[in-house]
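Enquirer: The structure file run08.txt (compact mmCIF, C-alpha atoms) is provided below.
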# COMPACT_ATOMS: atom_id res chain seq x y z
CA MET A 1 36.81 -18.03 5.02
CA LYS A 2 33.23 -19.30 4.94
CA ARG A 3 30.57 -17.29 3.17
CA CYS A 4 26.86 -17.81 2.82
CA TYR A 5 24.81 -17.44 -0.33
CA GLY A 6 21.11 -16.91 0.28
CA ILE A 7 20.05 -18.33 -3.07
CA LEU A 8 21.83 -21.64 -2.56
CA LEU A 9 21.23 -24.68 -0.41
CA CYS A 10 23.91 -25.32 2.18
CA CYS A 11 24.61 -28.67 3.80
CA SER A 12 27.28 -30.13 6.07
CA ILE A 13 29.81 -32.71 4.92
CA ALA A 14 31.84 -35.21 6.95
CA ALA A 15 34.59 -32.89 8.09
CA PRO A 16 33.38 -30.99 11.17
CA GLY A 17 32.79 -27.28 10.58
CA HIS A 18 32.95 -27.52 6.78
CA PHE A 19 30.17 -27.27 4.24
CA PHE A 20 29.52 -26.98 0.55
CA CYS A 21 26.72 -25.22 -1.36
CA THR A 22 24.66 -26.59 -4.21
CA THR A 23 21.50 -25.79 -6.11
CA VAL A 24 20.65 -29.50 -6.35
CA ASP A 25 17.78 -30.85 -4.26
CA VAL A 26 19.72 -33.05 -1.85
CA ALA A 27 16.77 -34.13 0.33
CA GLY A 28 16.10 -37.82 -0.19
CA GLY A 29 14.80 -41.02 1.35
CA SER A 30 11.33 -41.54 2.72
CA SER A 31 10.51 -40.39 6.24
CA SER A 32 8.34 -42.07 8.81
CA THR A 33 6.37 -40.10 11.39
CA ASP A 34 8.48 -37.78 13.56
CA ASN A 35 11.92 -38.75 12.22
CA GLY A 36 12.36 -35.84 9.81
CA LYS A 37 15.20 -33.40 10.22
CA VAL A 38 15.90 -29.91 8.87
CA VAL A 39 19.42 -28.48 8.69
CA GLY A 40 20.23 -24.93 7.69
CA MET A 41 22.50 -21.94 7.99
CA ILE A 42 21.99 -18.30 9.00
CA CYS A 43 24.29 -15.64 7.58
CA ARG A 44 25.11 -12.09 8.54
CA GLU A 45 24.46 -9.19 6.20
CA ASP A 46 28.08 -9.38 5.00
CA GLY A 47 27.62 -13.03 4.01
CA LEU A 48 29.63 -14.54 6.88
CA PRO A 49 28.11 -17.18 9.17
CA ALA A 50 25.96 -15.72 11.96
CA LEU A 51 26.83 -17.43 15.24
CA ASN A 52 24.74 -17.31 18.41
CA THR A 53 21.59 -16.49 16.45
CA GLN A 54 18.28 -17.69 17.86
CA VAL A 55 16.32 -19.82 15.40
CA SER A 56 12.66 -20.76 15.94
CA LEU A 57 10.66 -23.38 14.07
CA ARG A 58 6.86 -23.43 13.90
CA PRO A 59 4.20 -24.97 11.66
CA ALA A 60 3.80 -22.86 8.51
CA ASP A 61 0.17 -22.08 9.39
CA PHE A 62 0.91 -21.11 13.02
CA ASP A 63 -1.31 -18.28 14.32
CA PRO A 64 0.77 -16.28 16.84
CA TYR A 65 -2.31 -14.76 18.46
CA ARG A 66 -4.53 -17.83 18.86
CA ASP A 67 -2.12 -20.77 18.89
CA THR A 68 -0.43 -21.48 22.20
CA GLY A 69 2.15 -24.11 21.25
CA ALA A 70 5.76 -23.19 22.03
CA PRO A 71 8.17 -23.10 19.07
CA ARG A 72 11.18 -25.36 18.70
CA ILE A 73 14.27 -23.22 19.37
CA ASP A 74 17.92 -23.69 18.48
CA THR A 75 20.99 -21.41 18.48
CA THR A 76 23.43 -21.32 15.58
CA ASP A 77 26.95 -22.58 16.20
CA SER A 78 30.22 -20.97 15.13
CA ALA A 79 29.50 -22.00 11.53
CA GLY A 80 26.08 -20.34 11.61
CA GLU A 81 24.37 -23.74 11.43
CA TYR A 82 21.23 -24.95 13.21
CA GLU A 83 19.34 -28.24 13.25
CA PHE A 84 15.88 -29.48 14.21
CA GLY A 85 15.11 -33.18 14.47
CA ARG A 86 12.14 -35.47 15.19
CA LEU A 87 9.82 -33.59 12.83
CA ALA A 88 6.64 -34.96 11.32
CA PRO A 89 6.20 -34.45 7.57
CA GLY A 90 4.60 -31.13 6.70
CA ALA A 91 5.23 -27.44 6.08
CA TYR A 92 7.20 -25.40 8.61
CA SER A 93 8.46 -21.86 9.06
CA ILE A 94 11.88 -20.82 10.36
CA GLU A 95 12.38 -17.43 11.99
CA ALA A 96 15.84 -16.18 13.01
CA VAL A 97 16.88 -13.18 15.12
CA ALA A 98 20.34 -11.98 16.10
CA ILE A 99 19.88 -10.72 19.64
CA ASP A 100 22.78 -8.26 19.55
CA SER A 101 22.02 -6.54 16.20
CA ARG A 102 18.24 -7.23 16.16
CA THR A 103 18.54 -8.28 12.54
CA ARG A 104 16.12 -10.95 11.37
CA ALA A 105 15.46 -13.55 8.68
CA LEU A 106 12.52 -15.72 7.63
CA ILE A 107 12.32 -18.97 5.68
CA ASN A 108 8.76 -20.02 4.87
CA PRO A 109 7.78 -22.59 3.88
CA VAL A 110 10.21 -25.40 4.65
CA ILE A 111 8.73 -28.70 3.48
CA ILE A 112 9.64 -31.80 5.50
CA ASP A 113 8.93 -34.84 3.34
CA SER A 114 12.16 -36.82 3.75
CA ALA A 115 14.64 -37.91 6.38
CA ILE A 116 16.81 -34.80 5.97
CA THR A 117 15.80 -31.46 4.47
CA TYR A 118 18.36 -28.72 3.83
CA ALA A 119 16.79 -25.29 4.22
CA THR A 120 17.81 -22.37 2.03
CA ALA A 121 20.56 -20.30 3.65
CA ALA A 122 19.03 -17.16 5.14
CA LEU A 123 20.60 -13.69 5.27
CA LEU A 124 19.95 -11.53 8.32
CA ALA A 125 18.86 -7.96 7.62
CA GLU A 126 17.33 -4.96 9.35
CA PRO A 127 13.63 -5.74 9.81
CA GLY A 128 10.81 -3.59 8.50
CA ALA A 129 7.15 -3.20 9.38
CA LEU A 130 3.73 -3.69 7.82
CA LYS A 131 0.72 -1.40 8.10
CA VAL A 132 -2.43 -3.28 7.18
CA GLN A 133 -5.73 -1.58 6.36
CA VAL A 134 -8.76 -3.72 7.16
CA HIS A 135 -12.48 -3.00 7.15
CA ASN A 136 -13.66 -0.15 9.34
CA GLY A 137 -15.15 -0.89 12.73
CA CYS A 138 -12.49 -3.37 13.88
CA ASP A 139 -10.58 -2.66 17.06
CA ALA A 140 -8.09 -4.44 19.30
CA ALA A 141 -10.83 -6.33 21.12
CA GLN A 142 -12.02 -7.96 17.92
CA CYS A 143 -9.46 -7.99 15.07
CA TYR A 144 -5.79 -8.65 14.47
CA VAL A 145 -3.39 -9.20 11.57
CA TYR A 146 -0.49 -11.65 11.43
CA VAL A 147 2.18 -13.38 9.36
CA PRO A 148 1.46 -17.13 9.53
CA GLY A 149 4.19 -19.41 10.81
CA THR A 150 5.87 -16.62 12.81
CA SER A 151 5.65 -14.70 16.08
CA LEU A 152 4.54 -11.60 14.17
CA TYR A 153 1.09 -10.09 14.71
CA GLY A 154 -0.55 -6.79 15.47
CA GLU A 155 -3.86 -5.66 16.91
CA VAL A 156 -6.17 -3.50 14.82
CA HIS A 157 -7.06 0.01 15.89
CA GLU A 158 -9.57 2.05 13.87
CA GLY A 159 -9.15 -0.13 10.81
CA LEU A 160 -5.33 -0.20 10.84
CA GLY A 161 -3.12 -3.06 12.03
CA PHE A 162 0.62 -2.64 12.61
CA ILE A 163 3.11 -5.53 12.53
CA ASP A 164 6.61 -4.58 13.69
CA SER A 165 10.00 -6.36 13.37
CA VAL A 166 9.08 -8.13 10.13
CA PRO A 167 12.09 -9.81 8.44
CA ALA A 168 13.06 -8.30 5.10
CA GLY A 169 12.52 -10.39 1.99
CA ILE A 170 9.52 -12.24 0.62
CA ILE A 171 6.67 -12.49 3.11
CA PRO A 172 4.60 -15.56 2.16
CA ALA A 173 1.27 -14.20 3.39
CA VAL A 174 -0.46 -11.70 5.66
CA TYR A 175 -3.77 -12.70 7.25
CA TYR A 176 -6.54 -10.76 8.93
CA ALA A 177 -8.64 -12.51 11.59
CA ASP A 178 -11.71 -11.84 13.69
CA LEU A 179 -11.54 -13.04 17.30
CA THR A 180 -15.30 -13.40 17.53
CA ASP A 181 -15.33 -16.00 14.77
CA PRO A 182 -12.42 -18.51 14.54
CA THR A 183 -13.39 -19.31 10.95
CA ASP A 184 -13.32 -15.66 9.87
CA ILE A 185 -9.77 -15.46 8.47
CA HIS A 186 -8.99 -13.47 5.34
CA THR A 187 -5.86 -13.41 3.17
CA VAL A 188 -4.79 -9.79 2.89
CA THR A 189 -1.95 -10.54 0.48
CA THR A 190 0.54 -13.22 -0.52
CA GLY A 191 4.14 -13.19 -1.70
CA ILE A 192 4.94 -9.54 -1.02
CA THR A 193 8.49 -8.18 -0.81
CA LEU A 194 9.56 -6.07 2.15
CA SER A 195 12.79 -4.09 1.92
CA ALA A 196 15.15 -3.83 4.89
CA GLY A 197 14.06 -1.08 7.27
CA ALA A 198 10.99 -0.21 5.18
CA VAL A 199 7.44 0.36 6.39
CA ARG A 200 4.98 -0.94 3.83
CA MET A 201 1.24 -0.31 3.65
CA ILE A 202 -1.07 -3.03 2.35
CA ALA A 203 -4.85 -3.23 2.30
CA ASP A 204 -7.54 -5.87 2.78
CA TYR A 205 -10.61 -5.23 0.66
CA SER A 206 -11.94 -8.80 0.80
CA ARG A 207 -15.15 -7.50 2.41
CA TRP A 208 -15.91 -5.15 -0.46
CA ASP A 209 -18.49 -6.69 -2.78
CA HIS A 210 -17.44 -5.13 -6.09
CA SER A 211 -14.26 -4.22 -7.91
CA LYS A 212 -13.12 -2.98 -11.31
CA ARG A 213 -9.75 -2.52 -12.96
CA ILE A 214 -8.76 0.97 -14.08
CA VAL A 215 -6.30 0.60 -16.98
CA LEU A 216 -3.88 3.44 -17.78
CA ASN A 217 -3.26 3.55 -21.52
CA THR A 218 -0.36 5.89 -22.23
CA THR A 219 0.37 4.65 -25.77
CA GLN A 220 -0.44 6.73 -28.85
CA SER A 221 -3.92 5.21 -28.88
CA GLY A 222 -4.45 6.59 -25.38
CA ALA A 223 -2.84 9.49 -23.54
CA GLY A 224 0.28 9.48 -25.72
CA ILE A 225 2.80 9.81 -22.86
CA ALA A 226 6.30 8.63 -23.72
CA ASN A 227 8.05 8.77 -20.33
CA ASN A 228 7.19 7.68 -16.81
CA ILE A 229 5.43 10.20 -14.57
CA TYR A 230 5.74 9.93 -10.80
CA ASP A 231 3.32 10.78 -7.95
CA PHE A 232 0.66 11.92 -10.38
CA PRO A 233 -3.00 12.61 -9.51
CA VAL A 234 -4.94 10.60 -12.11
CA LEU A 235 -8.51 11.72 -12.80
CA VAL A 236 -11.02 8.86 -12.81
CA ARG A 237 -14.37 9.73 -14.39
CA LEU A 238 -17.30 7.43 -13.67
CA SER A 239 -20.72 7.07 -15.22
CA ASP A 240 -23.40 4.39 -15.06
CA ALA A 241 -21.48 2.62 -17.84
CA ASP A 242 -18.59 2.11 -15.41
CA ILE A 243 -20.26 1.44 -12.09
CA ASP A 244 -23.71 0.67 -10.69
CA PHE A 245 -24.10 3.63 -8.32
CA THR A 246 -26.79 1.80 -6.35
CA GLN A 247 -24.15 -0.72 -5.21
CA ALA A 248 -22.10 2.00 -3.46
CA ARG A 249 -22.87 4.31 -0.58
CA ARG A 250 -24.86 7.40 -1.51
CA ASP A 251 -21.80 9.58 -0.87
CA GLY A 252 -19.25 7.17 -2.37
CA GLY A 253 -17.72 6.73 1.07
CA ASP A 254 -16.96 3.05 0.51
CA LEU A 255 -14.78 3.73 -2.53
CA ARG A 256 -11.21 2.40 -2.36
CA PHE A 257 -8.26 2.04 -4.76
CA LYS A 258 -5.16 -0.14 -4.60
CA LYS A 259 -2.23 -1.31 -6.71
CA PRO A 260 -1.79 -4.91 -7.90
CA ASP A 261 0.65 -5.50 -5.00
CA ASP A 262 -2.11 -4.58 -2.50
CA THR A 263 -0.72 -1.12 -1.70
CA PRO A 264 -3.65 1.27 -1.14
CA LEU A 265 -3.73 4.44 -3.22
CA PRO A 266 -4.74 7.84 -1.78
CA TYR A 267 -7.74 9.41 -3.44
CA GLU A 268 -10.05 12.42 -3.28
CA ILE A 269 -13.66 12.45 -4.42
CA GLU A 270 -14.29 15.75 -6.18
CA ARG A 271 -17.86 14.87 -7.11
CA TRP A 272 -20.08 11.88 -6.35
CA ASP A 273 -23.56 12.36 -7.79
CA ALA A 274 -25.45 9.13 -7.25
CA ALA A 275 -28.71 10.60 -8.58
CA ASP A 276 -27.18 11.75 -11.88
CA ARG A 277 -24.79 8.77 -11.91
CA LYS A 278 -21.62 10.81 -12.41
CA ALA A 279 -18.41 11.03 -10.41
CA GLU A 280 -14.89 12.42 -10.64
CA ILE A 281 -12.17 11.08 -8.34
CA TRP A 282 -8.49 12.02 -8.15
CA VAL A 283 -6.25 9.01 -7.45
CA LYS A 284 -2.56 9.51 -6.62
CA VAL A 285 -0.55 6.96 -8.62
CA ASP A 286 3.12 6.64 -7.68
CA THR A 287 4.18 5.69 -11.23
CA VAL A 288 2.31 6.21 -14.50
CA TYR A 289 4.31 4.18 -17.00
CA GLY A 290 4.97 5.81 -20.34
CA ASN A 291 3.97 4.11 -23.62
CA ASP A 292 2.16 1.31 -21.78
CA SER A 293 -1.35 -0.11 -22.08
CA THR A 294 -1.23 -2.82 -19.40
CA HIS A 295 -0.65 -0.89 -16.17
CA PHE A 296 -3.72 -0.78 -13.93
CA PHE A 297 -5.01 -0.24 -10.43
CA THR A 298 -8.23 -1.59 -8.94
CA MET A 299 -11.28 0.28 -7.67
CA TYR A 300 -13.43 -1.27 -4.92
CA TRP A 301 -16.93 -0.42 -3.71
CA GLY A 302 -19.83 -2.14 -1.99
CA HIS A 303 -19.21 -1.94 1.78
CA PRO A 304 -22.15 -0.18 3.43
CA THR A 305 -20.41 0.48 6.78
CA ALA A 306 -17.08 1.69 5.39
CA VAL A 307 -16.00 5.19 6.35
CA SER A 308 -14.82 7.51 3.58
CA GLU A 309 -11.04 7.90 3.17
CA SER A 310 -11.28 10.70 0.60
CA ASN A 311 -8.40 13.07 1.39
CA GLY A 312 -7.25 15.82 -0.94
CA ALA A 313 -4.11 16.58 1.10
CA SER A 314 -2.80 13.05 0.57
CA VAL A 315 -3.36 13.28 -3.20
CA PHE A 316 -2.14 16.84 -3.78
CA ASP A 317 0.87 16.49 -1.51
CA THR A 318 2.79 19.67 -0.67
CA VAL A 319 5.97 17.59 -0.39
CA LYS A 320 5.50 16.72 -4.07
CA GLY A 321 5.18 20.36 -5.05
CA PHE A 322 1.46 21.09 -4.82
CA GLN A 323 1.04 24.36 -2.89
CA GLY A 324 -2.56 25.22 -3.75
CA VAL A 325 -5.35 23.26 -5.46
CA TRP A 326 -8.85 24.70 -5.80
CA HIS A 327 -11.51 22.56 -7.49
CA LEU A 328 -14.02 25.49 -7.44
CA ALA A 329 -16.96 23.13 -7.13
CA GLU A 330 -18.69 25.09 -4.37
CA GLU A 331 -22.01 26.82 -4.98
CA GLY A 332 -22.88 30.51 -4.75
CA ASP A 333 -20.70 32.57 -2.44
CA GLY A 334 -19.24 29.56 -0.61
CA ASN A 335 -15.52 29.65 0.12
CA ALA A 336 -13.25 28.01 -2.46
CA LEU A 337 -11.59 25.20 -0.51
CA ASP A 338 -7.90 24.43 -1.00
CA ALA A 339 -7.43 20.66 -1.36
CA THR A 340 -3.83 20.77 -0.11
CA ALA A 341 -2.73 20.70 3.52
CA ASN A 342 -1.88 24.42 3.26
CA GLY A 343 -5.56 25.33 3.53
CA TYR A 344 -5.44 28.52 1.49
CA HIS A 345 -9.22 28.71 1.23
CA GLY A 346 -10.45 31.39 -1.13
CA THR A 347 -12.98 34.14 -0.39
CA PRO A 348 -15.37 34.95 -3.28
CA TYR A 349 -16.28 38.53 -4.20
CA ASN A 350 -19.19 39.66 -6.38
CA ILE A 351 -20.15 36.14 -7.40
CA THR A 352 -23.91 36.26 -7.79
CA ALA A 353 -24.58 32.87 -9.38
CA ALA A 354 -26.50 30.80 -6.84
CA ALA A 355 -25.38 27.45 -8.24
CA SER A 356 -22.25 25.96 -9.70
CA VAL A 357 -21.97 25.28 -13.42
CA ALA A 358 -20.63 22.36 -15.43
CA GLY A 359 -16.83 22.44 -15.73
CA ALA A 360 -14.10 20.45 -17.42
CA VAL A 361 -13.79 18.37 -14.22
CA GLY A 362 -17.01 18.21 -12.25
CA ALA A 363 -18.66 21.42 -11.14
CA ALA A 364 -17.15 24.90 -11.63
CA ARG A 365 -17.70 28.53 -10.59
CA GLU A 366 -19.14 31.23 -12.84
CA PHE A 367 -17.66 34.75 -13.00
CA ASN A 368 -19.15 37.87 -14.59
CA GLY A 369 -15.93 38.71 -16.44
CA SER A 370 -15.42 42.10 -14.82
CA SER A 371 -15.83 42.44 -11.04
CA SER A 372 -16.21 38.90 -9.67
CA TYR A 373 -13.17 37.02 -8.38
CA ILE A 374 -11.86 34.78 -5.60
CA ALA A 375 -9.03 35.93 -3.32
CA MET A 376 -6.81 33.43 -1.50
CA PRO A 377 -5.79 35.12 1.79
CA ASN A 378 -2.34 34.65 3.34
CA THR A 379 -0.75 33.39 0.13
CA ALA A 380 1.45 36.50 -0.27
CA ALA A 381 3.46 35.38 2.76
CA SER A 382 3.63 31.75 1.66
CA ARG A 383 5.50 29.61 -0.84
CA LEU A 384 3.02 30.91 -3.42
CA ASP A 385 4.82 34.28 -3.30
CA PHE A 386 7.04 33.35 -6.23
CA PRO A 387 10.09 35.59 -6.79
CA GLN A 388 10.67 37.62 -9.92
CA ASP A 389 11.84 35.21 -12.65
CA GLY A 390 11.16 32.28 -10.35
CA ILE A 391 10.32 28.84 -11.70
CA TYR A 392 6.83 27.57 -11.02
CA SER A 393 3.82 26.20 -12.86
CA MET A 394 0.16 27.15 -12.81
CA SER A 395 -2.63 25.29 -14.57
CA LEU A 396 -6.37 25.80 -14.77
CA TRP A 397 -9.44 25.24 -16.93
CA ALA A 398 -11.24 28.37 -18.13
CA TYR A 399 -14.18 28.73 -20.54
CA ALA A 400 -14.83 32.18 -22.06
CA ASP A 401 -18.21 33.10 -23.52
CA THR A 402 -16.43 35.29 -26.07
CA ILE A 403 -12.81 35.88 -27.02
CA ASP A 404 -11.75 39.45 -27.83
CA THR A 405 -8.47 41.23 -28.46
CA LEU A 406 -7.99 42.58 -24.93
CA TRP A 407 -5.78 41.18 -22.18
CA ARG A 408 -7.80 39.30 -19.58
CA ALA A 409 -6.47 38.25 -16.18
CA ILE A 410 -7.47 34.70 -15.30
CA ALA A 411 -5.21 34.02 -12.30
CA GLY A 412 -2.38 35.86 -10.63
Reformat the file's structure so that it appears as C-alpha cells.

Expert:
Amino acid sequence: MKRCYGILLCCSIAAPGHFFCTTVDVAGGSSSTDNGKVVGMICREDGLPALNTQVSLRPADFDPYRDTGAPRIDTTDSAGEYEFGRLAPGAYSIEAVAIDSRTRALINPVIIDSAITYATAALLAEPGALKVQVHNGCDAAQCYVYVPGTSLYGEVHEGLGFIDSVPAGIIPAVYYADLTDPTDIHTVTTGITLSAGAVRMIADYSRWDHSKRIVLNTTQSGAGIANNIYDFPVLVRLSDADIDFTQARRDGGDLRFKKPDDTPLPYEIERWDAADRKAEIWVKVDTVYGNDSTHFFTMYWGHPTAVSESNGASVFDTVKGFQGVWHLAEEGDGNALDATANGYHGTPYNITAAASVAGAVGAAREFNGSSSYIAMPNTAASRLDFPQDGIYSMSLWAYADTIDTLWRAIAG
C-alpha cells in the first residue's frame, strides 16, 4: 500500500502508478524558457494518496486581490499525483484542496530552475484561519491582507483583517496592502506555523515609529523564578530612561506589545503620566519561562492616529481565575473600578482625601485607618462568595503609617 511522507520528495519511476521517495535533490538539467515541469503528490491526513484533489499553481508572489491571472489547475490521479508543464523558471506556489473533506495543503515556494522539479509531498489537513491586526483607520474600501501565491485574502474592518481556510503548516508570509497605493505593501510576518483548525492572531506594527524589547529575566539575578508561569500579567514600569514620552501619544494610546512570533499581547495601562514621564502597564504574557534571561516581548509606540487598545478585562481574564481586580488609582470619592469583565466597581465611604497617593504600583487610595473603606456591591452573590474552607487567593499592597499589636482588617 502506498503511503506519503510530507518531509520527503516523491517522484515517479518507469512502472505506471509506482513511486519511490528520497531526500536527494533529483531536479537536474538546464531549462529553457517555458519548458519546466513540476511533479508532486498530495496525501490524505492518514498518509495515503489523496485522489481527486484539486491542485492550483500560481506565481509565488501572486496577489489574490489585485492580480487577475487565472491559476493553472490539475486534479490528482489515483496515486495522488499531479503535474504542471510548460513553466518558465521562477518561484511558484501550489495550493491543494480536497473538495469532499475541505482539507487543504500549501507548498510555497516551489523553485523551477530545471527541466523537472519534484515538489515536496504535501499532507492535507483541516485548515485554520488568521486574524491580522493592522493600523487603525483601515476599512474594506482601502485595506486588505493576504497570503502571497494563494487564493487567500481578507478585507480589513476596523483595523482587523480575517483570512479563512488557511492550510495548516508553515505559512511563508502574510502581507498587508493599501488599495489606494499599489506600492504600499507591508510584510506582517514571515514563516509562521498554523496548526490544523486553529485561529491565530498576528499583528502588523510596521507603521509604528519606535520599538523596544522588554526582557524577562527570571534567573537568580532577576526575579528568581524556577518554573514556567502561564497567562501572567507582567507589570511594565516606564520612565524617561526607557522611553521618550514625547514620541508617544499624550495618553499612551498608541502603545502596543507583541511576541517574537508577531502575536499581539493584551495590555492595560494603569497609569500614563506624560508630564511626569512615568507609566505602569500590565501585559498578559502567555508563558513566563522560569530560570531564563533571554525571553522577551516587544513594545511599540509612535503612531499618532492609533486608537488605544488598553483593556483590563483581556489582561485579568475571569476564565484564568481573576474575579476582581481593583487598581485603586482613582482620586477622592471616585468609584474603585474593577478591571475584570465582572465589573464589581467599589463604592467608597468616608474617604476624605481629595487626591490619590503614591502606591507600590502607580497611584493608590488613602484610608483613615478607622472608618474609611470601599465596598464592592453584588459580590456576596458572586464567585467571590467563597465557601467556608474554600480555596482561593487574595493579594494586595498596603502601607501602614504605624504597626501596633491589634488586629487590623485590610480586606474581607

Enquirer: Tell me which of A:Ala363, A:Val325, A:Ile73, A:Ile107 sits closest to Thr120 in chain A, counting only C-alpha atoms.

Expert: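 For Thr120 in chain A, the nearest of the candidates is A:Ile107.
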
Enquirer: Using all atoms listed in the file, collect all residues at a distance of at most 8 Å from (22.6, -24.3, 11.8) as written in the file, then present them as a list of chain:residue names.

Expert: A:Val39, A:Gly40, A:Met41, A:Ile42, A:Thr75, A:Thr76, A:Asp77, A:Ala79, A:Gly80, A:Glu81, A:Tyr82, A:Glu83

Enquirer: Which residues of range 224-278 of chain A sit at most 7 Å from range 298-315 of chain A, using only C-alpha atoms? Give each one's shortest atom pair and distance in Å (one decimal place), in chain and ascending residue order, as a Markdown table.

Expert:
| residue | atom | partner | partner_atom | distance |
| --- | --- | --- | --- | --- |
| A:Pro233 | CA | A:Val315 | CA | 6.4 |
| A:Gln247 | CA | A:Gly302 | CA | 5.6 |
| A:Ala248 | CA | A:Gly302 | CA | 4.9 |
| A:Arg249 | CA | A:Pro304 | CA | 6.1 |
| A:Gly253 | CA | A:Ser308 | CA | 3.9 |
| A:Asp254 | CA | A:Ala306 | CA | 5.1 |
| A:Leu255 | CA | A:Trp301 | CA | 4.8 |
| A:Arg256 | CA | A:Tyr300 | CA | 5.0 |
| A:Phe257 | CA | A:Met299 | CA | 4.5 |
| A:Lys258 | CA | A:Thr298 | CA | 5.5 |
| A:Lys259 | CA | A:Thr298 | CA | 6.4 |
| A:Pro266 | CA | A:Val315 | CA | 5.8 |
| A:Tyr267 | CA | A:Ser310 | CA | 5.5 |
| A:Glu268 | CA | A:Ser310 | CA | 4.4 |
| A:Ile269 | CA | A:Ser310 | CA | 5.8 |

Enquirer: Could you give me the centre and size, in Å to one decimal, of an axis-aligned box around all listed atoms of range 321-331 of chain A with 5 Å added on every side, as AutoDock Vina command-line options?

Expert:
--center_x -8.4 --center_y 23.6 --center_z -5.2 --size_x 37.2 --size_y 16.5 --size_z 14.6

Enquirer: Please indicate the distance in Å from CA of His186 in chain A to CA of Asp61 in chain A, rounded to one decimal place.

Expert: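 CA of Asp61 in chain A lies at a distance of 13.2 Å from CA of His186 in chain A.
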
Enquirer: Out of A:Ile281, A:Val38, A:Ile225, A:Ile94, which residue has the shortest atom-to-atom distance to Thr150 in chain A when counting all atoms listed in the file?

Expert: A:Ile94

Enquirer: For the contact check between range 306-389 of chain A and range 235-245 of chain A, emit one row per residue of range 306-389 of chain A within 12 Å, containing the shortest atom pair and the distance in Å rounded to one decimal, counting all atoms listed in the file, chain then rising number order, as a Markdown table.

Expert:
| residue | atom | partner | partner_atom | distance |
| --- | --- | --- | --- | --- |
| A:Val315 | CA | A:Leu235 | CA | 11.0 |
| A:Ala360 | CA | A:Arg237 | CA | 11.1 |
| A:Val361 | CA | A:Leu235 | CA | 8.6 |
| A:Gly362 | CA | A:Arg237 | CA | 9.1 |

Enquirer: Go ahead and write the residues just picked, C-alpha atoms, as a short mmCIF file (atom, residue, chain, number, x, y, z; two decimals), in the coordinates of the input.

Expert:
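Once everything was written out, this is again20.cif:
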data_model
loop_
_atom_site.label_atom_id
_atom_site.label_comp_id
_atom_site.auth_asym_id
_atom_site.auth_seq_id
_atom_site.Cartn_x
_atom_site.Cartn_y
_atom_site.Cartn_z
CA VAL A 315 -3.36 13.28 -3.20
CA ALA A 360 -14.10 20.45 -17.42
CA VAL A 361 -13.79 18.37 -14.22
CA GLY A 362 -17.01 18.21 -12.25
#

Enquirer: Using only C-alpha atoms, which of the listed residues (A:Val188, A:Val145, A:Ala400, A:Val357) sits closest to Asp63 in chain A?

Expert: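 Going through A:Val188, A:Val145, A:Ala400, A:Val357 one by one, the smallest distance to Asp63 in chain A is for A:Val145.
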
Enquirer: In Å, with one decimal, what is the gap from CA of Ile202 in chain A to CA of Gly159 in chain A?

Expert: 12.1 Å
